[in-house]
Amino acid sequence: MVVDSQQGSLFAVPEPAADLANLRERCDACRRCGLAAGRQQVVISRGNPHARLMVIGEGPGAQEDATGLPFVGRAGQLLDQMLASVSLDSNQDVYICNVVKCRPPDNRKPTPEEMRACEPWLAIQIEAVDPPVVILAGATALEGVLGIRGGITRLRGQWHPWQGRWVMPVFHPSYLLRNPSRQKGSPRWLTWQDLQEVRRRLEAMTSGAAAPPG
Ligand code: SF4
């Protein structure tokens, strides 16, 4: 296993992320879709741009819109806890972002047009961070990234090769907040299995035991 002492993380490599440098500035000026009208601020990312794991969620909620950071509400706290349960630090080991950078009104799901409009910004993030492993948190991220509508229950926990990366859909933490049971077979239990599998894949790729998809 490679330990990157400079970054203080097991799963980070010191790659430059220059393309991210002015992303906030560019998104601040973005009016590519109607979500610009209702935002307090754009929400770009949190975590480590050198991480080898990226988590992509849906879009900002009220707290994210207010703070400018993704996944900082209750769902974000649960995400952090679940990552920590598999020894992944959300500040060091993960880069966290969303499919759309501006808050949809009333916390509705972003439309396909809004996701398409925001796709260039997500593409810059993916290219700059270049994560070998990606978690798609929830059905909207599954649709926005892989273009698969529906099927999160069927597809969660399965690896999908995508652009030379391994991508795994998991339940969105908001859904897990509404389903708090931890019993075997519950959504939380299943997500914990999924995150353990993510951890295993990261370890295998870091050690060279697993390769990116061809
Ligand atoms: S959601 Fe994305 S595409 Fe739409 S205005 Fe915001 S930054 Fe631009």
# chains A, B, ... in the order shown; residues from 1 in each chain; ligands from 1
$ residues_near_ligand --ligand "ligand 1" --cutoff "9 Å" --atoms "only C-alpha atoms and all ligand atoms" --output "PyMOL selection string"
chain A and resi 26-37+39+41-44+59+99-104+110+114-122
$ residues_around --residues "A:Val94" --least-positions-apart "2" --cutoff "9 Å" --atoms "only C-alpha atoms" --output "number ranges by chain"
A: 11-12, 46-55, 88-92, 96
$ residues_around --residues "A:Ala139" --least-positions-apart "3" --cutoff "10 Å" --atoms "only C-alpha atoms" --output "MDAnalysis selection string"
chainID A and resid 57:58 109 136 142:144 148:153 155:156 169:172
$ residues_around --residues "A:Ala62" --least-positions-apart "6" --cutoff "10 Å" --atoms "only C-alpha atoms" --output "PyMOL selection string"
chain A and resi 39-40+68+72-73+103-107
$ select_by_dssp --residues "stretch 16-203 of chain A" --states "helix (DSSP H, G or I)" --output "VMD selection string"
chain A and resid 18 to 20 23 to 28 34 to 38 62 to 67 74 to 85 105 to 107 112 to 129 139 to 146 152 to 155 173 to 178 187 to 203
$ residues_around --residues "stretch 197-212 of chain A" --least-positions-apart "3" --cutoff "12 Å" --atoms "only C-alpha atoms" --output "PyMOL selection string"
chain A and resi 1-4+9-13+51-55+82-89+93-94+130-136+156-170+190-194
$ closest_residue --among "A:Asn98, A:Asn179, A:Pro173, A:Arg24" --to "A:Asp80" --atoms "only C-alpha atoms"
A:Pro173
$ select_by_dssp --residues "stretch 44-190 of chain A" --states "strand (DSSP E or B)" --output "PyMOL selection string"
chain A and resi 46-47+51+53-57+94-98+133-137+160-162+165-170
$ write_last_selection --atoms "N, CA and C atoms" --output "PDB file, in the first residue's frame"
ATOM      1  N   ARG A  46     -15.579  19.624  -1.636  1.00  0.00           N
ATOM      2  CA  ARG A  46     -14.781  19.614  -0.411  1.00  0.00           C
ATOM      3  C   ARG A  46     -13.949  18.339  -0.428  1.00  0.00           C
ATOM      4  N   GLY A  47     -12.998  18.262   0.458  1.00  0.00           N
ATOM      5  CA  GLY A  47     -12.125  17.095   0.490  1.00  0.00           C
ATOM      6  C   GLY A  47     -10.806  17.383  -0.193  1.00  0.00           C
ATOM      7  N   ALA A  51      -7.116  13.114  -3.942  1.00  0.00           N
ATOM      8  CA  ALA A  51      -7.620  11.809  -3.495  1.00  0.00           C
ATOM      9  C   ALA A  51      -7.810  10.860  -4.668  1.00  0.00           C
ATOM     10  N   LEU A  53     -10.267   8.642  -4.539  1.00  0.00           N
ATOM     11  CA  LEU A  53     -11.695   8.311  -4.492  1.00  0.00           C
ATOM     12  C   LEU A  53     -12.502   9.597  -4.608  1.00  0.00           C
ATOM     13  N   MET A  54     -13.480   9.592  -5.539  1.00  0.00           N
ATOM     14  CA  MET A  54     -14.377  10.727  -5.683  1.00  0.00           C
ATOM     15  C   MET A  54     -15.787  10.276  -5.340  1.00  0.00           C
ATOM     16  N   VAL A  55     -16.490  11.101  -4.588  1.00  0.00           N
ATOM     17  CA  VAL A  55     -17.911  10.869  -4.337  1.00  0.00           C
ATOM     18  C   VAL A  55     -18.686  11.952  -5.072  1.00  0.00           C
ATOM     19  N   ILE A  56     -19.621  11.522  -5.915  1.00  0.00           N
ATOM     20  CA  ILE A  56     -20.455  12.471  -6.657  1.00  0.00           C
ATOM     21  C   ILE A  56     -21.896  12.312  -6.187  1.00  0.00           C
ATOM     22  N   GLY A  57     -22.466  13.408  -5.706  1.00  0.00           N
ATOM     23  CA  GLY A  57     -23.854  13.405  -5.277  1.00  0.00           C
ATOM     24  C   GLY A  57     -24.734  14.142  -6.263  1.00  0.00           C
ATOM     25  N   VAL A  94     -10.871  11.543   0.187  1.00  0.00           N
ATOM     26  CA  VAL A  94     -12.011  11.646  -0.725  1.00  0.00           C
ATOM     27  C   VAL A  94     -12.128  13.071  -1.273  1.00  0.00           C
ATOM     28  N   TYR A  95     -12.531  13.161  -2.528  1.00  0.00           N
ATOM     29  CA  TYR A  95     -12.930  14.441  -3.119  1.00  0.00           C
ATOM     30  C   TYR A  95     -14.437  14.345  -3.352  1.00  0.00           C
ATOM     31  N   ILE A  96     -15.186  15.299  -2.805  1.00  0.00           N
ATOM     32  CA  ILE A  96     -16.647  15.218  -2.816  1.00  0.00           C
ATOM     33  C   ILE A  96     -17.220  16.369  -3.634  1.00  0.00           C
ATOM     34  N   CYS A  97     -18.121  16.040  -4.541  1.00  0.00           N
ATOM     35  CA  CYS A  97     -18.750  17.074  -5.357  1.00  0.00           C
ATOM     36  C   CYS A  97     -20.148  16.602  -5.762  1.00  0.00           C
ATOM     37  N   ASN A  98     -20.802  17.381  -6.600  1.00  0.00           N
ATOM     38  CA  ASN A  98     -22.162  17.071  -7.033  1.00  0.00           C
ATOM     39  C   ASN A  98     -22.283  17.160  -8.549  1.00  0.00           C
ATOM     40  N   VAL A 133     -11.337   5.452  -8.667  1.00  0.00           N
ATOM     41  CA  VAL A 133     -12.563   4.886  -8.090  1.00  0.00           C
ATOM     42  C   VAL A 133     -13.540   6.030  -7.802  1.00  0.00           C
ATOM     43  N   VAL A 134     -14.791   5.831  -8.211  1.00  0.00           N
ATOM     44  CA  VAL A 134     -15.821   6.858  -8.046  1.00  0.00           C
ATOM     45  C   VAL A 134     -17.054   6.227  -7.411  1.00  0.00           C
ATOM     46  N   ILE A 135     -17.595   6.900  -6.414  1.00  0.00           N
ATOM     47  CA  ILE A 135     -18.880   6.510  -5.824  1.00  0.00           C
ATOM     48  C   ILE A 135     -19.944   7.469  -6.339  1.00  0.00           C
ATOM     49  N   LEU A 136     -21.026   6.917  -6.844  1.00  0.00           N
ATOM     50  CA  LEU A 136     -22.177   7.732  -7.240  1.00  0.00           C
ATOM     51  C   LEU A 136     -23.217   7.618  -6.141  1.00  0.00           C
ATOM     52  N   ALA A 137     -23.462   8.716  -5.442  1.00  0.00           N
ATOM     53  CA  ALA A 137     -24.360   8.689  -4.290  1.00  0.00           C
ATOM     54  C   ALA A 137     -25.782   9.015  -4.732  1.00  0.00           C
ATOM     55  N   HIS A 160     -19.030  -0.551 -12.165  1.00  0.00           N
ATOM     56  CA  HIS A 160     -19.265  -0.226 -13.571  1.00  0.00           C
ATOM     57  C   HIS A 160     -17.967   0.365 -14.128  1.00  0.00           C
ATOM     58  N   PRO A 161     -17.417  -0.213 -15.172  1.00  0.00           N
ATOM     59  CA  PRO A 161     -16.255   0.424 -15.810  1.00  0.00           C
ATOM     60  C   PRO A 161     -16.713   1.666 -16.560  1.00  0.00           C
ATOM     61  N   TRP A 162     -16.029   2.765 -16.357  1.00  0.00           N
ATOM     62  CA  TRP A 162     -16.445   4.027 -16.989  1.00  0.00           C
ATOM     63  C   TRP A 162     -15.227   4.935 -17.145  1.00  0.00           C
ATOM     64  N   ARG A 165     -12.225   4.121 -15.250  1.00  0.00           N
ATOM     65  CA  ARG A 165     -12.362   4.147 -13.784  1.00  0.00           C
ATOM     66  C   ARG A 165     -13.370   3.081 -13.361  1.00  0.00           C
ATOM     67  N   TRP A 166     -13.306   2.747 -12.075  1.00  0.00           N
ATOM     68  CA  TRP A 166     -14.312   1.872 -11.493  1.00  0.00           C
ATOM     69  C   TRP A 166     -15.319   2.742 -10.754  1.00  0.00           C
ATOM     70  N   VAL A 167     -16.577   2.581 -11.145  1.00  0.00           N
ATOM     71  CA  VAL A 167     -17.640   3.418 -10.585  1.00  0.00           C
ATOM     72  C   VAL A 167     -18.645   2.536  -9.847  1.00  0.00           C
ATOM     73  N   MET A 168     -18.985   2.931  -8.633  1.00  0.00           N
ATOM     74  CA  MET A 168     -19.981   2.179  -7.870  1.00  0.00           C
ATOM     75  C   MET A 168     -21.128   3.082  -7.420  1.00  0.00           C
ATOM     76  N   PRO A 169     -22.358   2.770  -7.837  1.00  0.00           N
ATOM     77  CA  PRO A 169     -23.514   3.479  -7.278  1.00  0.00           C
ATOM     78  C   PRO A 169     -23.822   2.955  -5.873  1.00  0.00           C
ATOM     79  N   VAL A 170     -24.202   3.862  -5.008  1.00  0.00           N
ATOM     80  CA  VAL A 170     -24.650   3.492  -3.652  1.00  0.00           C
ATOM     81  C   VAL A 170     -25.897   4.322  -3.344  1.00  0.00           C
TER      82      VAL A 170
END
$ atom_distance --atom1 "atom CA of A:Tyr175" --atom2 "atom CA of A:Glu113"
23.8 Å
$ atom_distance --atom1 "atom CA of A:Arg182" --atom2 "atom CA of A:Gly76"
18.0 Å
$ atom_distance --atom1 "atom CA of A:Arg178" --atom2 "atom CA of A:Gln77"
14.1 Å
